[in-house]
file structure_38.cif (mmCIF, C-alpha atoms)
data_target
#
loop_
_atom_site.label_atom_id
_atom_site.label_comp_id
_atom_site.auth_asym_id
_atom_site.auth_seq_id
_atom_site.Cartn_x
_atom_site.Cartn_y
_atom_site.Cartn_z
CA MET A 1 13.92 168.25 100.23
CA ASP A 2 10.14 168.31 99.88
CA SER A 3 8.48 168.43 96.47
CA LEU A 4 7.44 172.09 96.77
CA SER A 5 11.05 173.16 97.39
CA GLN A 6 12.28 171.15 94.41
CA ILE A 7 9.58 172.59 92.15
CA ALA A 8 10.40 176.12 93.32
CA LEU A 9 14.13 175.59 92.78
CA GLY A 10 13.62 174.13 89.31
CA ALA A 11 11.35 177.01 88.29
CA ALA A 12 13.82 179.61 89.56
CA VAL A 13 16.70 177.92 87.73
CA GLY A 14 14.70 177.81 84.50
CA VAL A 15 13.89 181.51 84.68
CA ALA A 16 17.51 182.39 85.55
CA VAL A 17 18.95 180.49 82.58
CA LEU A 18 16.41 181.41 79.90
CA GLY A 19 15.49 184.88 81.07
CA ARG A 20 13.51 186.86 78.51
CA ARG A 21 14.68 184.73 75.60
CA THR A 22 11.36 182.92 76.00
CA ALA A 23 8.18 183.54 77.94
CA LEU A 24 8.99 183.47 81.65
CA TRP A 25 6.10 181.13 82.34
CA LYS A 26 7.55 178.58 79.91
CA ALA A 27 10.96 178.72 81.61
CA ALA A 28 9.37 178.39 85.06
CA LEU A 29 7.02 175.59 84.02
CA TRP A 30 9.64 173.39 82.38
CA GLY A 31 12.12 174.13 85.14
CA ALA A 32 9.58 173.03 87.73
CA VAL A 33 8.83 169.84 85.78
CA CYS A 34 12.50 168.94 85.45
CA GLY A 35 13.13 169.90 89.05
CA THR A 36 10.69 167.29 90.30
CA LEU A 37 11.48 164.48 87.82
CA PRO A 38 14.12 162.70 89.98
CA ASP A 39 11.57 162.08 92.74
CA LEU A 40 9.38 159.97 90.48
CA ASP A 41 11.43 157.00 91.71
CA ALA A 42 9.29 157.16 94.85
CA PHE A 43 6.57 155.39 92.85
CA ILE A 44 8.81 152.36 92.22
CA ASP A 45 8.08 149.42 94.52
CA HIS A 46 11.22 147.41 95.26
CA GLY A 47 9.35 144.70 97.15
CA ASP A 48 9.45 145.78 100.80
CA PRO A 49 9.51 149.03 102.83
CA LEU A 50 13.18 148.80 103.77
CA SER A 51 14.33 148.32 100.17
CA ASN A 52 12.09 151.20 99.09
CA MET A 53 13.85 153.40 101.61
CA VAL A 54 17.47 152.55 100.80
CA LEU A 55 16.92 152.56 97.02
CA HIS A 56 15.10 155.91 96.96
CA ARG A 57 17.37 158.73 95.75
CA GLY A 58 19.40 156.16 93.83
CA ASN A 59 19.88 156.12 90.05
CA SER A 60 17.28 158.83 89.53
CA HIS A 61 19.44 161.17 91.65
CA ALA A 62 22.80 160.26 90.11
CA LEU A 63 24.63 163.22 88.57
CA PHE A 64 26.00 161.02 85.78
CA TRP A 65 22.62 159.68 84.61
CA LEU A 66 20.93 163.06 84.92
CA SER A 67 23.69 164.67 82.86
CA LEU A 68 23.10 162.08 80.13
CA LEU A 69 19.35 162.72 80.24
CA ALA A 70 19.60 166.51 80.02
CA PRO A 71 20.63 166.96 76.33
CA PRO A 72 17.87 164.83 74.73
CA LEU A 73 15.27 166.20 77.14
CA GLY A 74 16.37 169.77 76.48
CA LEU A 75 16.25 169.19 72.71
CA ALA A 76 12.79 167.66 73.01
CA ILE A 77 11.50 170.68 74.94
CA ALA A 78 13.07 173.09 72.44
CA ALA A 79 11.38 171.24 69.58
CA LEU A 80 8.05 171.10 71.41
CA GLN A 81 8.17 174.83 72.12
CA ARG A 82 9.32 175.53 68.52
CA GLU A 83 12.37 177.34 69.88
CA TRP A 84 15.09 175.34 68.17
CA GLY A 85 17.36 178.38 68.11
CA LEU A 86 17.35 178.26 71.92
CA ARG A 87 18.23 174.55 72.12
CA GLY A 88 21.52 175.27 73.86
CA ARG A 89 19.80 177.35 76.54
CA TRP A 90 17.07 174.75 76.97
CA MET A 91 19.64 171.98 77.43
CA LEU A 92 21.51 174.06 80.01
CA ALA A 93 18.31 174.93 81.87
CA VAL A 94 17.20 171.29 81.93
CA TRP A 95 20.61 170.10 83.11
CA LEU A 96 20.77 172.62 85.95
CA ALA A 97 17.16 171.94 87.01
CA LEU A 98 17.90 168.20 87.09
CA ILE A 99 21.20 168.23 88.95
CA THR A 100 20.28 170.89 91.50
CA HIS A 101 17.57 168.50 92.72
CA PRO A 102 19.95 165.83 94.07
CA LEU A 103 22.46 168.47 95.18
CA LEU A 104 19.75 170.03 97.33
CA ASP A 105 18.78 166.58 98.62
CA TRP A 106 22.44 166.07 99.57
CA MET A 107 22.06 168.90 102.07
CA THR A 108 19.55 166.76 104.03
CA VAL A 109 20.51 163.74 106.14
CA TYR A 110 18.51 161.07 104.29
CA GLY A 111 21.24 159.88 101.93
CA THR A 112 21.52 160.67 98.20
CA GLN A 113 23.47 158.37 95.90
CA LEU A 114 24.97 161.12 93.77
CA LEU A 115 27.86 159.07 92.40
CA ARG A 116 26.03 156.14 90.83
CA PRO A 117 26.92 154.09 88.80
CA PHE A 118 30.49 154.47 90.12
CA SER A 119 29.53 154.31 93.81
CA SER A 120 26.30 153.54 95.65
CA GLU A 121 27.43 155.27 98.85
CA PRO A 122 24.60 157.44 100.23
CA LEU A 123 25.79 161.00 100.83
CA GLY A 124 24.13 163.54 103.09
CA LEU A 125 25.45 166.65 104.80
CA GLY A 126 22.40 166.85 107.06
CA SER A 127 22.49 170.61 107.61
CA ILE A 128 18.87 171.30 106.65
CA PHE A 129 15.57 169.63 107.45
CA ILE A 130 13.57 168.13 104.60
CA ILE A 131 10.99 170.95 104.95
CA ASP A 132 12.22 174.42 105.82
CA PRO A 133 10.07 177.44 104.91
CA LEU A 134 13.02 179.84 105.18
CA TYR A 135 14.65 178.05 102.27
CA THR A 136 11.55 177.69 100.12
CA LEU A 137 9.86 181.08 100.57
CA PRO A 138 12.56 183.20 98.88
CA LEU A 139 12.34 180.99 95.80
CA LEU A 140 8.54 181.14 95.69
CA ILE A 141 8.45 184.90 96.21
CA GLY A 142 11.26 185.64 93.76
CA THR A 143 9.84 183.53 90.95
CA GLY A 144 6.26 184.56 91.72
CA VAL A 145 7.09 188.25 91.44
CA ALA A 146 9.15 187.60 88.30
CA LEU A 147 6.21 185.92 86.59
CA ARG A 148 4.14 189.06 87.11
CA GLY A 149 6.54 190.84 84.78
CA GLY A 150 8.01 194.28 85.07
CA PRO A 151 11.49 195.72 84.56
CA ARG A 152 12.90 194.09 87.71
CA ALA A 153 11.37 190.65 87.17
CA LEU A 154 14.64 188.81 86.65
CA ARG A 155 16.22 190.59 89.60
CA TRP A 156 13.52 189.25 91.91
CA ASN A 157 14.15 185.73 90.66
CA ALA A 158 17.91 186.11 91.09
CA ALA A 159 17.41 187.50 94.59
CA GLY A 160 15.30 184.48 95.55
CA LEU A 161 18.01 182.12 94.33
CA LEU A 162 20.72 184.09 96.12
CA LEU A 163 18.86 184.17 99.44
CA SER A 164 18.04 180.47 99.31
CA CYS A 165 21.69 179.59 98.57
CA ALA A 166 22.82 181.88 101.39
CA TYR A 167 20.45 180.07 103.75
CA LEU A 168 21.99 176.72 102.77
CA ALA A 169 25.45 178.13 103.48
CA TRP A 170 24.24 179.41 106.86
CA SER A 171 22.87 175.96 107.73
CA ALA A 172 26.24 174.33 107.01
CA LEU A 173 28.10 176.87 109.15
CA ALA A 174 25.59 176.49 111.99
CA GLN A 175 25.97 172.71 111.83
CA GLN A 176 29.75 172.96 112.23
CA TRP A 177 29.31 175.30 115.20
CA VAL A 178 26.96 172.83 116.90
CA LEU A 179 29.33 169.92 116.25
CA GLU A 180 32.17 171.82 117.92
CA ARG A 181 29.97 172.59 120.93
CA ALA A 182 28.94 168.93 121.11
CA ARG A 183 32.55 167.70 121.08
CA ALA A 184 33.43 170.10 123.88
CA SER A 185 30.39 169.06 125.93
CA LEU A 186 30.94 165.30 125.57
CA GLY A 187 34.46 165.51 126.92
CA GLU A 188 35.18 162.04 125.56
CA PRO A 189 35.84 160.65 122.09
CA ALA A 190 32.80 159.54 120.13
CA GLN A 191 32.89 156.88 117.45
CA ARG A 192 30.66 159.04 115.23
CA LEU A 193 28.93 162.37 115.77
CA LEU A 194 25.85 163.64 113.94
CA ALA A 195 24.11 167.02 114.16
CA THR A 196 20.88 167.70 112.28
CA PRO A 197 18.34 170.52 112.58
CA THR A 198 14.96 169.81 114.09
CA PRO A 199 11.88 170.30 111.87
CA PHE A 200 11.33 173.58 109.99
CA ASN A 201 14.32 175.55 111.36
CA THR A 202 18.10 175.80 111.70
CA LEU A 203 18.19 177.15 115.25
CA LEU A 204 17.45 174.01 117.26
CA TRP A 205 19.72 171.05 116.57
CA ARG A 206 19.67 167.39 117.55
CA ILE A 207 23.00 165.67 118.21
CA VAL A 208 23.62 161.91 118.22
CA ALA A 209 26.96 160.56 119.47
CA LEU A 210 27.87 156.90 119.05
CA ALA A 211 30.05 155.45 121.81
CA PRO A 212 33.51 154.23 120.73
CA ASP A 213 32.59 150.62 121.57
CA GLY A 214 29.36 150.86 119.57
CA ARG A 215 27.23 149.60 122.46
CA SER A 216 25.39 152.84 123.21
CA TYR A 217 24.61 156.29 121.85
CA GLN A 218 23.82 159.66 123.38
CA GLU A 219 21.19 162.14 122.25
CA GLY A 220 21.23 165.85 123.00
CA PHE A 221 19.66 169.08 121.80
CA HIS A 222 21.23 172.48 121.37
CA SER A 223 19.54 175.74 120.48
CA LEU A 224 21.63 178.56 119.08
CA LEU A 225 19.69 180.70 121.59
CA ASP A 226 20.90 178.62 124.56
CA PRO A 227 23.00 180.41 127.18
CA PRO A 228 26.67 179.38 127.44
CA GLY A 229 27.16 175.97 128.99
CA PRO A 230 27.54 172.29 128.14
CA ILE A 231 24.97 170.42 126.07
CA ARG A 232 23.07 167.80 128.07
CA PHE A 233 23.00 164.29 126.68
CA GLN A 234 20.97 161.19 127.50
CA ARG A 235 22.54 157.77 126.98
CA HIS A 236 20.63 154.90 125.33
CA GLU A 237 21.51 151.28 124.60
CA ARG A 238 22.11 150.38 120.99
CA GLY A 239 21.16 146.68 121.15
CA ALA A 240 24.68 145.41 120.48
CA ALA A 241 23.81 141.94 121.79
CA LEU A 242 21.43 141.41 118.85
CA GLU A 243 23.97 142.40 116.22
CA PRO A 244 25.87 139.10 115.72
CA ALA A 245 22.69 137.24 114.75
CA LEU A 246 21.77 139.89 112.15
CA ARG A 247 25.17 140.79 110.75
CA GLU A 248 24.67 138.56 107.71
CA HIS A 249 20.97 139.38 107.32
CA ALA A 250 20.81 141.35 104.04
CA PRO A 251 18.00 143.81 104.94
CA ALA A 252 19.57 144.70 108.31
CA ALA A 253 23.00 145.04 106.72
CA ALA A 254 21.56 147.28 104.00
CA LEU A 255 20.05 149.70 106.52
CA ALA A 256 23.19 149.63 108.69
CA ARG A 257 25.24 150.67 105.67
CA PHE A 258 22.68 153.23 104.49
CA THR A 259 22.69 155.00 107.86
CA GLY A 260 26.46 155.12 108.10
CA GLY A 261 26.30 153.26 111.41
CA PHE A 262 23.62 155.46 112.99
CA TYR A 263 21.16 152.71 113.83
CA LYS A 264 19.99 150.72 116.83
CA LEU A 265 18.60 147.24 117.38
CA GLU A 266 15.96 146.43 119.95
CA ARG A 267 13.63 143.61 120.94
CA ARG A 268 10.02 144.55 121.68
CA THR A 269 7.90 142.76 124.26
CA ASP A 270 6.02 140.94 121.49
CA GLY A 271 9.28 139.35 120.29
CA ALA A 272 9.78 141.57 117.23
CA VAL A 273 13.37 142.69 116.62
CA LEU A 274 13.65 146.16 115.10
CA ILE A 275 16.40 148.03 113.34
CA THR A 276 15.93 151.80 113.55
CA ASP A 277 17.51 154.69 111.66
CA LEU A 278 18.72 157.09 114.37
CA ARG A 279 19.20 160.01 112.00
CA MET A 280 15.56 160.98 111.45
CA GLY A 281 13.36 161.49 114.51
CA PHE A 282 14.18 161.55 118.20
CA GLU A 283 13.68 159.27 121.17
CA PRO A 284 11.43 157.32 121.19
CA HIS A 285 9.89 158.26 117.82
CA TYR A 286 11.72 157.58 114.57
CA SER A 287 10.55 157.89 110.98
CA PHE A 288 12.22 154.70 109.75
CA ALA A 289 12.19 151.49 111.78
CA PHE A 290 11.74 147.95 110.46
CA VAL A 291 10.98 144.55 111.94
CA VAL A 292 13.82 142.35 110.63
CA ALA A 293 13.64 139.33 112.96
CA ARG A 294 11.57 137.50 115.57
CA GLN A 295 12.79 136.47 119.02
CA PRO A 296 9.90 135.05 121.05
CA ASP A 297 12.28 133.93 123.80
CA PRO A 298 15.15 136.24 124.85
CA ALA A 299 17.25 133.15 125.57
CA THR A 300 17.20 132.08 121.91
CA ALA A 301 18.84 133.70 118.90
CA PRO A 302 16.73 136.05 116.75
CA GLN A 303 15.26 134.46 113.64
CA PRO A 304 15.71 136.75 110.60
CA LEU A 305 12.49 137.82 108.90
CA ALA A 306 12.01 138.32 105.18
CA PRO A 307 10.66 140.60 103.93
CA PRO A 308 11.09 143.22 106.68
CA GLN A 309 8.06 145.13 107.91
CA ALA A 310 7.76 148.88 108.52
CA ALA A 311 7.48 149.88 112.17
CA GLY A 312 8.35 153.59 112.24
CA THR A 313 6.37 155.93 114.47
CA ARG A 314 5.91 159.67 114.65
CA PRO A 315 5.02 161.74 117.72
CA PRO A 316 1.67 163.53 117.90
CA LEU A 317 2.17 166.69 115.84
CA GLY A 318 0.72 169.19 118.31
CA PRO A 319 2.78 168.22 121.39
CA ALA A 320 5.90 167.75 119.27
CA LEU A 321 5.68 171.26 117.77
CA ASP A 322 4.92 172.71 121.19
CA TRP A 323 8.05 171.11 122.64
CA LEU A 324 10.18 172.24 119.70
CA TRP A 325 9.06 175.83 120.21
CA ARG A 326 9.70 175.72 123.97
CA ARG A 327 13.09 174.02 123.59
CA LEU A 328 14.20 176.41 120.87
CA ARG A 329 13.82 179.25 123.36
CA GLY A 330 15.99 177.56 125.96
CA PRO A 331 14.39 175.14 128.44
CA GLN A 332 16.61 172.05 128.76
CA ALA A 333 13.86 169.43 128.65
CA PRO A 334 13.89 166.17 126.67
CA PRO A 335 11.14 165.65 124.07
CA THR A 336 7.97 163.86 125.13
#
call {"tool": "encode", "arguments": {"input": "structure_38.cif", "output": "structure tokens"}}
result
Amino acid sequence: MDSLSQIALGAAVGVAVLGRRTALWKAALWGAVCGTLPDLDAFIDHGDPLSNMVLHRGNSHALFWLSLLAPPLGLAIAALQREWGLRGRWMLAVWLALITHPLLDWMTVYGTQLLRPFSSEPLGLGSIFIIDPLYTLPLLIGTGVALRGGPRALRWNAAGLLLSCAYLAWSALAQQWVLERARASLGEPAQRLLATPTPFNTLLWRIVALAPDGRSYQEGFHSLLDPPGPIRFQRHERGAALEPALREHAPAAALARFTGGFYKLERRTDGAVLITDLRMGFEPHYSFAFVVARQPDPATAPQPLAPPQAAGTRPPLGPALDWLWRRLRGPQAPPT
């Protein structure tokens, strides 16, 4: 999730664990700090844009390493605040603020390597967009009101946590509903099926279905406000002809694994060969695409490129938001 959501979650967790045993502002401040610590790995440069992508949310988001970090960090905060008698509570608050960060990230589709060092498999439920105000606002309001004090301060904080967790549960249930509708609409087996919410909401969903032979994929959109009826899909080529030449190319293989197979290959008119993450974005705009080879002549094999170059694009914000709003209310029109 975005940094504001992680800060808000960490602060709420800190207040919930420490309560009035310490000043509420101390609990919120240190919770917010610990809640954002795992994302400091974004400042590490691994040498190229593709490596930076697949190695983000790695060791810094691993439950094992964060659990090892929590006790010494909690003890250090307790000593700094001269609250050694509360060291157990501080360690618990730090641990929960740290591990709820990657657990929340797991709800997004990006891919969080929760199980390092035992497994580097990226995990992502994909039931919530990276920025969703309906998740973040209850946390901000609950903790904000709590910090103002009063007899019901802790209840406001608890209510914010409860509502935000309920929203996450709703997103997972909505995702399963959309997947069932997608399976019924496709009427044919899909190699893999993915449903993710469009930006800032959990009402309009994007579905990607990989063909069983891996040569194409279909993209469709479904709003929970749509009238009964099948979901419309558009089929796109996946660039399977380019795959043999890049199967052993480490950067391309890394992204293919990171996406769980939801990627496409394509050759641009200038001869650049791209690998694109199909999970984030929509046709023809995707957040993560990389030039991994050159093929000046279509009759020749692609020549792998090292290091890969970033080539992701994003649609103009105004028209994209306008389409999202119109499509959410029902019109069956593809994005522009």
call {"tool": "atom_distance", "arguments": {"input": "structure_38.cif", "atom1": "atom CA of A:Gly14", "atom2": "atom CA of A:Ser60"}}
result
19.8 Å
call {"tool": "closest_residue", "arguments": {"input": "structure_38.cif", "among": "A:Leu139, A:Ala272, A:Leu24, A:Val13", "to": "A:Pro296", "atoms": "all atoms listed in the file"}}
result
A:Ala272
call {"tool": "closest_atom_pairs", "arguments": {"input": "structure_38.cif", "of": "stretch 100-198 of chain A", "to": "stretch 63-80 of chain A", "cutoff": "10 Å", "atoms": "all atoms listed in the file", "output": "CSV"}}
result
residue,atom,partner,partner_atom,distance
A:Thr100,CA,A:Leu63,CA,9.3
A:His101,CA,A:Leu63,CA,9.7
A:Pro102,CA,A:Leu63,CA,7.7
A:Leu103,CA,A:Leu63,CA,8.7
A:Gln113,CA,A:Leu63,CA,8.9
A:Leu114,CA,A:Leu63,CA,5.6
A:Leu115,CA,A:Leu63,CA,6.5
A:Arg116,CA,A:Phe64,CA,7.0
A:Pro117,CA,A:Phe64,CA,7.6
A:Phe118,CA,A:Phe64,CA,9.0
call {"tool": "closest_residue", "arguments": {"input": "structure_38.cif", "among": "A:Gly142, A:Gly31, A:Gly150, A:Gly187", "to": "A:Val94", "atoms": "only C-alpha atoms"}}
result
A:Gly31
call {"tool": "closest_residue", "arguments": {"input": "structure_38.cif", "among": "A:Thr136, A:Ala301, A:Arg21, A:Ala16", "to": "A:Pro244", "atoms": "all atoms listed in the file"}}
result
A:Ala301
call {"tool": "residues_around", "arguments": {"input": "structure_38.cif", "residues": "A:Gln175", "least_positions_apart": "4", "cutoff": "9 Å", "atoms": "all atoms listed in the file", "output": "PyMOL selection string"}}
result
chain A and resi 126-128+170-171+179-180+195-197+202+205
call {"tool": "atom_distance", "arguments": {"input": "structure_38.cif", "atom1": "atom CA of A:Leu37", "atom2": "atom CA of A:Ile99"}}
result
10.5 Å
call {"tool": "atom_distance", "arguments": {"input": "structure_38.cif", "atom1": "atom CA of A:Trp30", "atom2": "atom CA of A:Ala11"}}
result
7.1 Å
call {"tool": "resolve_selection", "arguments": {"input": "structure_38.cif", "expression": "the PyMOL selection byres ((chain A and resi 308-311) around 8)", "output": "PyMOL selection string"}}
result
chain A and resi 48-50+251+274+288-293+305-307+312-313
call {"tool": "resolve_selection", "arguments": {"input": "structure_38.cif", "expression": "the PyMOL selection byres ((chain A and resi 154) around 10)", "output": "list of chain:residue names"}}
result
A:Ala12, A:Val15, A:Ala16, A:Gly19, A:Arg20, A:Leu24, A:Gly142, A:Thr143, A:Val145, A:Ala146, A:Leu147, A:Gly149, A:Gly150, A:Pro151, A:Arg152, A:Ala153, A:Arg155, A:Trp156, A:Asn157, A:Ala158, A:Ala159, A:Gly160
call {"tool": "resolve_selection", "arguments": {"input": "structure_38.cif", "expression": "the PyMOL selection byres ((chain A and resi 225-236) around 12)", "output": "ChimeraX atom specification"}}
result
/A:178-187,202-211,214-224,237-240,263-266,278,282-284,325-335
call {"tool": "closest_residue", "arguments": {"input": "structure_38.cif", "among": "A:Gly261, A:Ser120, A:Leu137, A:Asn59", "to": "A:Gln6", "atoms": "only C-alpha atoms"}}
result
A:Leu137
call {"tool": "closest_residue", "arguments": {"input": "structure_38.cif", "among": "A:Leu161, A:Leu324, A:Ala252, A:Cys34", "to": "A:Met91", "atoms": "all atoms listed in the file"}}
result
A:Cys34
call {"tool": "residues_around", "arguments": {"input": "structure_38.cif", "residues": "A:Ala254", "least_positions_apart": "3", "cutoff": "9 Å", "atoms": "all atoms listed in the file", "output": "PyMOL selection string"}}
result
chain A and resi 50-51+54+249-251+257-259
call {"tool": "residues_near_point", "arguments": {"input": "structure_38.cif", "point": "(13.9, 175.1, 97.0)", "cutoff": "8 Å", "atoms": "all atoms listed in the file", "output": "PyMOL selection string"}}
result
chain A and resi 1+4-10+104+135-136+139+164
call {"tool": "build_atoms", "arguments": {"input": "structure_38.cif", "residues": "stretch 270-279 of chain A", "atoms": "all heavy atoms", "output": "PDB file, in the coordinates of the input"}}
result
ATOM      1  N   ASP A 270       6.728 141.967 122.260  1.00  0.00           N
ATOM      2  CA  ASP A 270       6.020 140.940 121.490  1.00  0.00           C
ATOM      3  C   ASP A 270       6.980 140.028 120.728  1.00  0.00           C
ATOM      4  O   ASP A 270       6.546 139.182 119.946  1.00  0.00           O
ATOM      5  CB  ASP A 270       5.037 141.599 120.507  1.00  0.00           C
ATOM      6  CG  ASP A 270       5.734 142.490 119.472  1.00  0.00           C
ATOM      7  OD1 ASP A 270       6.974 142.624 119.537  1.00  0.00           O
ATOM      8  OD2 ASP A 270       5.032 143.048 118.606  1.00  0.00           O
ATOM      9  N   GLY A 271       8.293 140.215 120.921  1.00  0.00           N
ATOM     10  CA  GLY A 271       9.280 139.350 120.290  1.00  0.00           C
ATOM     11  C   GLY A 271       9.803 139.880 118.974  1.00  0.00           C
ATOM     12  O   GLY A 271      10.696 139.269 118.377  1.00  0.00           O
ATOM     13  N   ALA A 272       9.294 140.998 118.483  1.00  0.00           N
ATOM     14  CA  ALA A 272       9.780 141.570 117.230  1.00  0.00           C
ATOM     15  C   ALA A 272      11.125 142.261 117.467  1.00  0.00           C
ATOM     16  O   ALA A 272      11.313 142.966 118.457  1.00  0.00           O
ATOM     17  CB  ALA A 272       8.777 142.566 116.670  1.00  0.00           C
ATOM     18  N   VAL A 273      12.060 142.043 116.560  1.00  0.00           N
ATOM     19  CA  VAL A 273      13.370 142.690 116.620  1.00  0.00           C
ATOM     20  C   VAL A 273      13.402 143.777 115.561  1.00  0.00           C
ATOM     21  O   VAL A 273      13.191 143.515 114.374  1.00  0.00           O
ATOM     22  CB  VAL A 273      14.504 141.678 116.396  1.00  0.00           C
ATOM     23  CG1 VAL A 273      15.858 142.391 116.370  1.00  0.00           C
ATOM     24  CG2 VAL A 273      14.485 140.615 117.495  1.00  0.00           C
ATOM     25  N   LEU A 274      13.678 145.009 115.987  1.00  0.00           N
ATOM     26  CA  LEU A 274      13.650 146.160 115.100  1.00  0.00           C
ATOM     27  C   LEU A 274      15.042 146.700 114.842  1.00  0.00           C
ATOM     28  O   LEU A 274      15.905 146.664 115.730  1.00  0.00           O
ATOM     29  CB  LEU A 274      12.813 147.297 115.709  1.00  0.00           C
ATOM     30  CG  LEU A 274      11.297 147.299 115.481  1.00  0.00           C
ATOM     31  CD1 LEU A 274      10.651 146.084 116.136  1.00  0.00           C
ATOM     32  CD2 LEU A 274      10.696 148.585 116.002  1.00  0.00           C
ATOM     33  N   ILE A 275      15.255 147.194 113.637  1.00  0.00           N
ATOM     34  CA  ILE A 275      16.400 148.030 113.340  1.00  0.00           C
ATOM     35  C   ILE A 275      15.873 149.415 113.008  1.00  0.00           C
ATOM     36  O   ILE A 275      14.925 149.551 112.229  1.00  0.00           O
ATOM     37  CB  ILE A 275      17.279 147.459 112.198  1.00  0.00           C
ATOM     38  CG1 ILE A 275      18.536 148.314 112.015  1.00  0.00           C
ATOM     39  CG2 ILE A 275      16.495 147.331 110.899  1.00  0.00           C
ATOM     40  CD1 ILE A 275      19.574 147.688 111.099  1.00  0.00           C
ATOM     41  N   THR A 276      16.458 150.439 113.627  1.00  0.00           N
ATOM     42  CA  THR A 276      15.930 151.800 113.550  1.00  0.00           C
ATOM     43  C   THR A 276      16.999 152.764 113.078  1.00  0.00           C
ATOM     44  O   THR A 276      18.137 152.725 113.556  1.00  0.00           O
ATOM     45  CB  THR A 276      15.412 152.248 114.935  1.00  0.00           C
ATOM     46  OG1 THR A 276      14.371 151.367 115.359  1.00  0.00           O
ATOM     47  CG2 THR A 276      14.881 153.669 114.895  1.00  0.00           C
ATOM     48  N   ASP A 277      16.636 153.624 112.147  1.00  0.00           N
ATOM     49  CA  ASP A 277      17.510 154.690 111.660  1.00  0.00           C
ATOM     50  C   ASP A 277      17.493 155.818 112.694  1.00  0.00           C
ATOM     51  O   ASP A 277      16.448 156.443 112.918  1.00  0.00           O
ATOM     52  CB  ASP A 277      16.991 155.169 110.306  1.00  0.00           C
ATOM     53  CG  ASP A 277      17.913 156.189 109.646  1.00  0.00           C
ATOM     54  OD1 ASP A 277      18.704 156.830 110.353  1.00  0.00           O
ATOM     55  OD2 ASP A 277      17.820 156.358 108.425  1.00  0.00           O
ATOM     56  N   LEU A 278      18.641 156.085 113.315  1.00  0.00           N
ATOM     57  CA  LEU A 278      18.720 157.090 114.370  1.00  0.00           C
ATOM     58  C   LEU A 278      18.844 158.514 113.836  1.00  0.00           C
ATOM     59  O   LEU A 278      18.826 159.467 114.619  1.00  0.00           O
ATOM     60  CB  LEU A 278      19.933 156.805 115.273  1.00  0.00           C
ATOM     61  CG  LEU A 278      19.880 155.520 116.098  1.00  0.00           C
ATOM     62  CD1 LEU A 278      21.200 155.325 116.829  1.00  0.00           C
ATOM     63  CD2 LEU A 278      18.722 155.557 117.082  1.00  0.00           C
ATOM     64  N   ARG A 279      18.946 158.678 112.544  1.00  0.00           N
ATOM     65  CA  ARG A 279      19.200 160.010 112.000  1.00  0.00           C
ATOM     66  C   ARG A 279      17.946 160.858 111.891  1.00  0.00           C
ATOM     67  O   ARG A 279      18.028 162.091 111.925  1.00  0.00           O
ATOM     68  CB  ARG A 279      19.845 159.893 110.612  1.00  0.00           C
ATOM     69  CG  ARG A 279      21.156 159.105 110.582  1.00  0.00           C
ATOM     70  CD  ARG A 279      21.581 158.832 109.154  1.00  0.00           C
ATOM     71  NE  ARG A 279      20.525 158.136 108.435  1.00  0.00           N
ATOM     72  CZ  ARG A 279      20.403 158.137 107.108  1.00  0.00           C
ATOM     73  NH1 ARG A 279      21.269 158.811 106.376  1.00  0.00           N
ATOM     74  NH2 ARG A 279      19.416 157.486 106.514  1.00  0.00           N
TER      75      ARG A 279
END
